[in-house]
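Here the structure is laid out as structure tokens; the discussion comes afterwards.
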Amino acid sequence: MLVERGVIERPTGVEAYGDLVEAVSSVAEGSALVLVLETYGVHVDELDVGPVDSLVIVVGAEDYGVPQREVERLKAVGHEVKVVRLPMSVPGASYNVVASLVMLLYELKRKGLNLKR
């Protein structure tokens, strides 16, 4: 294959993997809450999550995260979007994306996230 030989560069960015808004809309059901895990936003300890029908968590690549324009597009189509961040001892630093997701899931469980169904 051309990709294996390095002839075609591996695509990067949201655009390379499809449309984020379309992907989120395809899995969000009812009163869905979309949490975007980023290095800015509401501190996870301050996150208030009431009962929701479904939860969609969006994480970006470790090098560039979720572009702000994609967050704005999610809001523009009517999704309830909250950008959330994890506590960091060094401002602007970030954890491995999988470790970050695990920490967020733990915090949601600890807070007693209540899915309606």
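Each chain in the structure tokens gets a letter, A, B and so on, in the order shown; residues start at 1 in every chain, and ligands are counted from 1 in the order they appear.
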
Residues at most 12 Å from A:Val98, counting only C-alpha atoms, excluding those fewer than 5 positions away in the same chain, as a ChimeraX atom specification? /A:37,58-62,103-105

Those in stretch 6-88 of chain A with strand (DSSP E or B) from DSSP, as a PyMOL selection string: chain A and resi 33-43+52+55-59+61+65+80-85

Per-residue DSSP, stretch 28-84 of chain A, filtered to alpha helix (DSSP H), as a PyMOL selection string: chain A and resi 68-76

Name all residues at most 12 Å from A:Pro67 (count only C-alpha atoms; drop same-chain ones fewer than 4 positions away) and give them as a ChimeraX atom specification. /A:13-15,20,36-40,58-63,71-74,83

May I have the selected residues written with C-alpha atoms, as a PDB file, in the first residue's frame?
```
ATOM      1  CA  GLY A  13      -6.545  17.005  12.306  1.00  0.00           C
ATOM      2  CA  VAL A  14     -10.286  16.652  12.759  1.00  0.00           C
ATOM      3  CA  GLU A  15     -10.963  17.131   9.063  1.00  0.00           C
ATOM      4  CA  LEU A  20     -16.880  15.867  14.523  1.00  0.00           C
ATOM      5  CA  VAL A  36     -14.958  18.028  25.658  1.00  0.00           C
ATOM      6  CA  LEU A  37     -11.792  17.169  27.583  1.00  0.00           C
ATOM      7  CA  GLU A  38      -9.221  19.927  27.082  1.00  0.00           C
ATOM      8  CA  THR A  39      -6.483  21.866  28.874  1.00  0.00           C
ATOM      9  CA  TYR A  40      -8.907  24.792  29.362  1.00  0.00           C
ATOM     10  CA  VAL A  58     -14.805  14.110  23.067  1.00  0.00           C
ATOM     11  CA  VAL A  59     -11.029  13.903  23.418  1.00  0.00           C
ATOM     12  CA  GLY A  60      -8.555  15.215  20.915  1.00  0.00           C
ATOM     13  CA  ALA A  61      -5.118  14.168  19.826  1.00  0.00           C
ATOM     14  CA  GLU A  62      -2.346  14.705  22.342  1.00  0.00           C
ATOM     15  CA  ASP A  63      -0.551  17.248  20.195  1.00  0.00           C
ATOM     16  CA  VAL A  71     -16.361  23.151  20.080  1.00  0.00           C
ATOM     17  CA  GLU A  72     -18.160  26.209  18.716  1.00  0.00           C
ATOM     18  CA  ARG A  73     -19.625  24.148  15.849  1.00  0.00           C
ATOM     19  CA  LEU A  74     -20.989  21.595  18.359  1.00  0.00           C
ATOM     20  CA  VAL A  83     -15.434  21.932  28.123  1.00  0.00           C
TER      21      VAL A  83
END
```

Under the rule that only C-alpha atoms are counted, which of A:Leu33, A:Lys111, A:Val27, A:Arg85 is the nearest residue to A:Gly65?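 Nearest candidate to A:Gly65 out of A:Leu33, A:Lys111, A:Val27, A:Arg85: A:Arg85.
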
Work out how far apart atom CA of A:Gly18 and atom CA of A:Leu101 are and give it in Å to one decimal. 21.1 Å

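Within 8 Å of stretch 43-57 of chain A, once only C-alpha atoms are used and residues closer than 2 positions along the same chain are dropped, the contacting residues are Val24, Val27, Ala28, Glu29, Gly30, Ser31, Ala32, Leu33, Val34, Leu35, Val36, Leu37, Gly41, Val59, Val84, Arg85, Leu86, Pro87, Leu104, Glu107, Leu113, Asn114, Leu115, Lys116 and Arg117 of chain A.
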